[in-house]
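Beneath this line is the structure, given in structure tokens, with notes to follow.
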Amino acid sequence: METFLQQMVNGLTLGAVYALIALGYTMVYGIIQLINFAHGEIFAAGGYIGVITLSFLQSRGVLEAHPTLGLVLAFALAMVYCAFLAVALERMAYRPLRDASRLSLLLSALGMSIFFSNGMMLCQGVYDKAYPIQLYSTGQFTVGGAVVSYIQVYIFVGALILMIGLNLFVNRTRLGKAMRATAQDKVMSALLGINANRTITITFVIGSVLAAAAGVMVGLYYGSVRFDMGFIPGIKAFAAAVLGGIGNLTGAVLGGMIIGMVEVFAAGYLASEYKDVFAFIILILVLYFRPTGIMGEQVDDTRV
Amino acid sequence: MLKVEEIHTYYDHIHALKGVSLEIREGEIVCLIGSNGAGKSTTLMTISGVLHPARGRVLFDGQDIAHRPADRIVGLGICQVPEGRRILPRLSVADNLEMGAFLRRDREGIRQDLEKVYELFPVLAERRRQQGGTLSGGEQQMLAIGRALMGRPRLLLLDEPSLGLAPIVVEKIFGIIQQINRDGTTILLVEQNANLALGVSDRAYVLETGRVTLSGPSRELAHDERVRKAYLGEQ
């Protein structure tokens, strides 16, 4: 029972992170029908900006005095940086191919993924960069025998706040509605005065801001980042988006949570060496038996 | 108000419009009739800027808008109710209407227009929280017209508003179209139902395979031998 609860806590944490990344995949797919393979690298870039910010503050001795401020700054800078990165990515690699075949677009995305990952390797080196987490990894408490660290609470609550914010944006604001309108019918949206390019840029920015936050969270959780850290979580989050029904926001969150849970439980009860395999098994099963995913066929207002 | 001069538009490599010219004056209802594939919708899409002519000009208030993108033409006051209505299916009725006013910033004016639309189509008010895709064909047509009105158009382009609707609904919608016109909106109406279109419009153009073959006051065209044979089903 204790292990079960413990796995549950770990699964929720990991699932929240996958859900944040999966949202970016699903939003971009919803609006331009592209699997943005460079999304995992944007997540990794977020992790790097986080470690750079925190290490810099630590070296200046500011971090010890203001740990919360440092954390806020790390998240904020990572989000802003990744937003710009995404705008550049969309402008240079995707917009010129707006009228090209979807395969060209997909290849461009794959190319950008490799480009970004190698770029990070060149700039930041091939070795792990350690997060200065001693300040944050101390606190913990116990619930029914399961140990919950503060950092897990922060990650889960942080992810929840971002998701609620996204939900409000998409359903309540004029721009959020315009984004859904563009995803549903580009010609009609243009006839209403909605600029598709601008809406698409906003979609990329939001997806990347969420991925950046996830990157910093993962850095804090595991204590380090690496240039290729975007690859595996990127594909797992992609699997999560497909599992939930690609294009569907609720589906992406659900898919992320399921993939996170399955991975943690499988690692705990079956074999931890195979933990990366389960996301792919799920992906294959979903594609084989229900390619539209869990929420894919419902006419549901949470779809973009 | 709007002057289309000799436009040639290609649609997927098809030479769809081969030099179409037409003119709409402030306050008129002008209709464009013709059979399937004559180029009626292409004409509207070219005016709206979704398609751009290879040659020719589209003058609105004297300025050439032929090469402006669609999302900037709306701002000039040209709104379209496109063929097939194109309701945003996963947006609520209220959100569909709100998107109709996307470019406007006058909150008070938007609120007033929303009330007007709900007054014009009470059924939309009843269904304001429902998703657009769940409405019936007639309700969707009302929503599409209401959505276009939310943009406060000076020129309203209507593409086949009668298509697929029960006669009683068609009658109601055409009554409302005339009322919109009386309230000061100029209308360009595309219809396959020539009888109906000639009945409500001031002037008409007949389009055949991308060319205007006839034009004149609707009352005269309704009595024209060729129109009666080709479009009013007389032998």
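Residues are named by chain letter and number: chains run A, B, ... in the order of the structure tokens, numbers start at 1 in each chain, and ligands are numbered from 1 in the order shown.
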Please produce, as a Markdown table, a per-residue contact table for chain B versus chain A (criterion: any atom at most 10 Å away, only C-alpha atoms considered), showing the nearest atom pair and its distance in Å to one decimal, sorted by chain then residue number.
| residue | atom | partner | partner_atom | distance |
| --- | --- | --- | --- | --- |
| B:Met45 | CA | A:Leu191 | CA | 9.3 |
| B:Ser48 | CA | A:Leu191 | CA | 7.1 |
| B:Gly49 | CA | A:Leu191 | CA | 8.4 |
| B:Val50 | CA | A:Val187 | CA | 7.2 |
| B:Pro69 | CA | A:Ala190 | CA | 8.3 |
| B:Ala70 | CA | A:Ala190 | CA | 5.6 |
| B:Asp71 | CA | A:Gly193 | CA | 3.8 |
| B:Arg72 | CA | A:Gly193 | CA | 6.2 |
| B:Ile73 | CA | A:Gly193 | CA | 7.6 |
| B:Val74 | CA | A:Gly193 | CA | 5.4 |
| B:Gly75 | CA | A:Gly193 | CA | 6.8 |
| B:Ile78 | CA | A:Leu191 | CA | 9.1 |
| B:Cys79 | CA | A:Leu191 | CA | 7.0 |
| B:Gln80 | CA | A:Leu191 | CA | 6.7 |
| B:Val81 | CA | A:Leu191 | CA | 8.7 |
| B:Pro82 | CA | A:Met188 | CA | 7.9 |
| B:Arg85 | CA | A:Met188 | CA | 9.1 |
| B:Arg86 | CA | A:Met188 | CA | 6.4 |
| B:Ile87 | CA | A:Met188 | CA | 8.1 |
| B:Leu88 | CA | A:Ala181 | CA | 6.3 |
| B:Pro89 | CA | A:Gln184 | CA | 7.4 |
| B:Arg90 | CA | A:Asp301 | CA | 5.5 |
| B:Leu91 | CA | A:Asp301 | CA | 6.8 |
| B:Ser92 | CA | A:Asp301 | CA | 8.4 |
| B:Asp95 | CA | A:Lys177 | CA | 7.4 |
| B:Asn96 | CA | A:Ala181 | CA | 8.6 |
| B:Glu98 | CA | A:Arg174 | CA | 8.1 |
| B:Met99 | CA | A:Leu192 | CA | 6.7 |
| B:Gly100 | CA | A:Leu192 | CA | 5.7 |
| B:Ala101 | CA | A:Leu192 | CA | 7.6 |
| B:Phe102 | CA | A:Gly193 | CA | 6.5 |
| B:Leu103 | CA | A:Gly193 | CA | 6.2 |
| B:Arg104 | CA | A:Gly193 | CA | 9.7 |
| B:Gln131 | CA | A:Asp301 | CA | 7.9 |
| B:Gly133 | CA | A:Val299 | CA | 8.7 |
| B:Thr134 | CA | A:Val299 | CA | 9.5 |
| B:Arg147 | CA | A:Leu192 | CA | 8.7 |
| B:Ala148 | CA | A:Leu192 | CA | 7.9 |
| B:Met150 | CA | A:Leu192 | CA | 9.7 |
| B:Gly151 | CA | A:Leu192 | CA | 7.8 |
Output C-alpha atoms for every residue in the selection just made, as an mmCIF file, in the first residue's frame.
data_model
loop_
_atom_site.group_PDB
_atom_site.id
_atom_site.type_symbol
_atom_site.label_atom_id
_atom_site.label_comp_id
_atom_site.auth_asym_id
_atom_site.auth_seq_id
_atom_site.Cartn_x
_atom_site.Cartn_y
_atom_site.Cartn_z
ATOM 1 C CA MET B 45 -14.482 35.115 -52.486
ATOM 2 C CA SER B 48 -13.685 39.245 -49.788
ATOM 3 C CA GLY B 49 -10.003 38.698 -50.557
ATOM 4 C CA VAL B 50 -9.892 34.963 -49.910
ATOM 5 C CA PRO B 69 -5.734 39.829 -47.471
ATOM 6 C CA ALA B 70 -9.210 38.734 -46.394
ATOM 7 C CA ASP B 71 -8.737 39.606 -42.732
ATOM 8 C CA ARG B 72 -8.073 43.237 -43.673
ATOM 9 C CA ILE B 73 -11.003 43.593 -46.027
ATOM 10 C CA VAL B 74 -13.474 42.791 -43.227
ATOM 11 C CA GLY B 75 -12.287 45.892 -41.458
ATOM 12 C CA ILE B 78 -17.406 44.012 -46.190
ATOM 13 C CA CYS B 79 -18.750 40.943 -44.405
ATOM 14 C CA GLN B 80 -19.624 37.651 -45.994
ATOM 15 C CA VAL B 81 -22.048 34.851 -45.175
ATOM 16 C CA PRO B 82 -20.255 32.158 -47.129
ATOM 17 C CA ARG B 85 -22.627 28.926 -43.719
ATOM 18 C CA ARG B 86 -19.322 27.809 -42.170
ATOM 19 C CA ILE B 87 -20.439 28.026 -38.561
ATOM 20 C CA LEU B 88 -17.544 27.427 -36.188
ATOM 21 C CA PRO B 89 -18.842 24.078 -34.956
ATOM 22 C CA ARG B 90 -17.111 23.848 -31.580
ATOM 23 C CA LEU B 91 -17.723 27.432 -30.555
ATOM 24 C CA SER B 92 -20.945 28.340 -28.806
ATOM 25 C CA ASP B 95 -18.920 32.913 -29.229
ATOM 26 C CA ASN B 96 -19.661 32.615 -32.945
ATOM 27 C CA GLU B 98 -18.570 37.438 -30.665
ATOM 28 C CA MET B 99 -16.103 36.359 -33.362
ATOM 29 C CA GLY B 100 -18.249 38.235 -35.871
ATOM 30 C CA ALA B 101 -17.230 41.399 -34.045
ATOM 31 C CA PHE B 102 -13.590 40.334 -33.771
ATOM 32 C CA LEU B 103 -12.125 43.527 -35.207
ATOM 33 C CA ARG B 104 -14.372 45.899 -33.314
ATOM 34 C CA GLN B 131 -22.302 24.683 -29.769
ATOM 35 C CA GLY B 133 -22.349 22.617 -34.825
ATOM 36 C CA THR B 134 -25.449 21.340 -33.043
ATOM 37 C CA ARG B 147 -22.438 36.739 -37.144
ATOM 38 C CA ALA B 148 -21.892 38.807 -40.299
ATOM 39 C CA MET B 150 -21.919 41.677 -35.768
ATOM 40 C CA GLY B 151 -19.180 43.074 -37.998
#
Inset, instruction - Identify, on the basis of only C-alpha atoms, every residue whose closest approach to region 67-78 of chain A does not exceed 7 Å; exclude the query and any residue fewer than 6 positions from it along the same chain; express the result as a PyMOL selection string. - result: chain A and resi 46+49-50+53-54+57+212-213+216
Legend entry - region 258-264 of chain A surroundings by only C-alpha atoms, 6 Å radius, close-in-sequence under 2 positions cut, as a VMD selection string: chain A and resid 11 14 to 15 255 to 256 266 to 267 275 279
Inset, instruction - Just give me the gap between CA of Arg57 (chain B) and CA of Glu6 (chain B) in Å, one decimal is fine. - result: 6.9 Å
Inset, instruction - List every residue of region 238-283 of chain A that DSSP, applied to the backbone of this structure, places in helix (DSSP H, G or I), and write the result as a ChimeraX atom specification. - result: /A:238-244,249-269,272-274,277-283
Inset, instruction - For CA of Leu63 (chain A) and CA of Cys82 (chain A), quote the distance in Å rounded to one decimal. - result: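 Atom-to-atom, CA of Leu63 (chain A) to CA of Cys82 (chain A), that is 22.8 Å.
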Inset, instruction - May I have the residues within 9 Å of Thr138 (chain A) as a list in words, using only C-alpha atoms and disregarding those fewer than 6 positions away in the same chain? - result: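 Those residues are Ser149, Tyr150 and Ile151 of chain A.
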Inset, instruction - Using DSSP on the backbone coordinates, identify all residues within region 97-263 of chain A classified as strand (DSSP E); present the result as a PyMOL selection string. - result: chain A and resi 129-130+140-143+146-149+224-225
Take the residues that were just selected and, keeping C-alpha atoms, output them as a PDB file, in the first residue's frame.
ATOM      1  CA  LYS A 129      24.490  20.400 -15.983  1.00  0.00           C
ATOM      2  CA  ALA A 130      23.547  20.241 -12.328  1.00  0.00           C
ATOM      3  CA  GLN A 140       9.174  16.828   2.581  1.00  0.00           C
ATOM      4  CA  PHE A 141       6.230  15.344   4.432  1.00  0.00           C
ATOM      5  CA  THR A 142       4.550  11.962   4.704  1.00  0.00           C
ATOM      6  CA  VAL A 143       1.028  10.996   3.725  1.00  0.00           C
ATOM      7  CA  ALA A 146       4.252   7.947   1.073  1.00  0.00           C
ATOM      8  CA  VAL A 147       6.941  10.592   1.071  1.00  0.00           C
ATOM      9  CA  VAL A 148       5.946  13.760  -0.707  1.00  0.00           C
ATOM     10  CA  SER A 149       8.691  16.270  -1.331  1.00  0.00           C
ATOM     11  CA  SER A 224      20.211  18.157 -13.831  1.00  0.00           C
ATOM     12  CA  VAL A 225      19.685  18.823 -17.527  1.00  0.00           C
TER      13      VAL A 225
END
Inset, instruction - For Gly230 (chain A), please output as a ChimeraX atom specification all residues within 7 Å (counting only C-alpha atoms; exclusion window: fewer than 4 positions along the same chain). - result: /A:40-41,43-44,234
Would you mind exporting the chosen residues as a compact mmCIF listing (two decimals), in the first residue's frame, restricted to N, CA and C atoms?
# COMPACT_ATOMS: atom_id res chain seq x y z
N GLY A 40 10.15 19.11 -28.17
CA GLY A 40 10.96 18.52 -27.09
C GLY A 40 12.21 19.34 -26.83
N GLU A 41 12.79 19.89 -27.89
CA GLU A 41 14.02 20.69 -27.74
C GLU A 41 13.71 22.04 -27.09
N PHE A 43 11.45 22.42 -24.84
CA PHE A 43 11.37 22.01 -23.44
C PHE A 43 12.78 21.95 -22.83
N ALA A 44 13.71 21.34 -23.57
CA ALA A 44 15.09 21.24 -23.08
C ALA A 44 15.72 22.63 -22.94
N GLY A 234 9.96 14.30 -24.99
CA GLY A 234 9.23 14.85 -26.13
C GLY A 234 8.38 13.78 -26.80
Legend entry - Distance in Å - CA of Ile294 (chain A) versus CA of Gly244 (chain A): 4.8 Å
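Between Glu28 (chain B) and the candidates B:Leu196, B:Leu155, B:Ala230, B:Leu124, the tightest atom-to-atom separation, counting only C-alpha atoms, involves B:Leu155.
Using only C-alpha atoms for every distance, the candidate list A:Met27, A:Leu160, A:Cys123, A:Ile206 yields A:Cys123 as the residue closest to Ile52 (chain A).
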Inset, instruction - Find the residues around region 203-216 of chain B up to 6 Å (only C-alpha atoms counted), leave out those fewer than 4 positions away in its own chain, and share them as a list in words. - result: Ala16, Leu17, Lys18, Val20, Val30, Cys31, Leu32, Ile33, Gly34, Ala38 and Gly39 of chain B
Please dump the current selection as an mmCIF file, in the first residue's frame; keep N, CA and C atoms.
data_model
loop_
_atom_site.group_PDB
_atom_site.id
_atom_site.type_symbol
_atom_site.label_atom_id
_atom_site.label_comp_id
_atom_site.auth_asym_id
_atom_site.auth_seq_id
_atom_site.Cartn_x
_atom_site.Cartn_y
_atom_site.Cartn_z
ATOM 1 N N ALA B 16 -11.675 30.484 -63.442
ATOM 2 C CA ALA B 16 -13.070 30.508 -62.988
ATOM 3 C C ALA B 16 -13.795 31.791 -63.385
ATOM 4 N N LEU B 17 -13.123 32.929 -63.293
ATOM 5 C CA LEU B 17 -13.748 34.187 -63.697
ATOM 6 C C LEU B 17 -12.984 34.745 -64.899
ATOM 7 N N LYS B 18 -13.733 34.968 -65.971
ATOM 8 C CA LYS B 18 -13.068 35.414 -67.203
ATOM 9 C C LYS B 18 -13.489 36.827 -67.523
ATOM 10 N N VAL B 20 -15.076 39.379 -65.129
ATOM 11 C CA VAL B 20 -16.366 39.755 -64.551
ATOM 12 C C VAL B 20 -16.336 41.217 -64.105
ATOM 13 N N VAL B 30 -28.325 43.797 -54.774
ATOM 14 C CA VAL B 30 -27.983 43.346 -56.109
ATOM 15 C C VAL B 30 -27.862 41.837 -56.032
ATOM 16 N N CYS B 31 -28.414 41.130 -57.022
ATOM 17 C CA CYS B 31 -28.243 39.686 -56.975
ATOM 18 C C CYS B 31 -27.457 39.188 -58.165
ATOM 19 N N LEU B 32 -26.820 38.056 -57.901
ATOM 20 C CA LEU B 32 -25.963 37.418 -58.884
ATOM 21 C C LEU B 32 -26.558 36.033 -59.066
ATOM 22 N N ILE B 33 -27.125 35.784 -60.270
ATOM 23 C CA ILE B 33 -27.701 34.458 -60.451
ATOM 24 C C ILE B 33 -26.921 33.710 -61.512
ATOM 25 N N GLY B 34 -27.149 32.411 -61.546
ATOM 26 C CA GLY B 34 -26.408 31.582 -62.478
ATOM 27 C C GLY B 34 -26.383 30.159 -61.969
ATOM 28 N N ALA B 38 -20.881 28.560 -62.244
ATOM 29 C CA ALA B 38 -20.816 29.733 -63.104
ATOM 30 C C ALA B 38 -19.784 30.742 -62.600
ATOM 31 N N GLY B 39 -19.425 30.629 -61.315
ATOM 32 C CA GLY B 39 -18.419 31.533 -60.756
ATOM 33 C C GLY B 39 -18.990 32.497 -59.723
#
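Each of A:Leu168, A:Leu283, A:Ala211, A:Ala65 was checked against Met79 (chain A) using only C-alpha atoms; the smallest atom-to-atom distance is that of A:Ala211.
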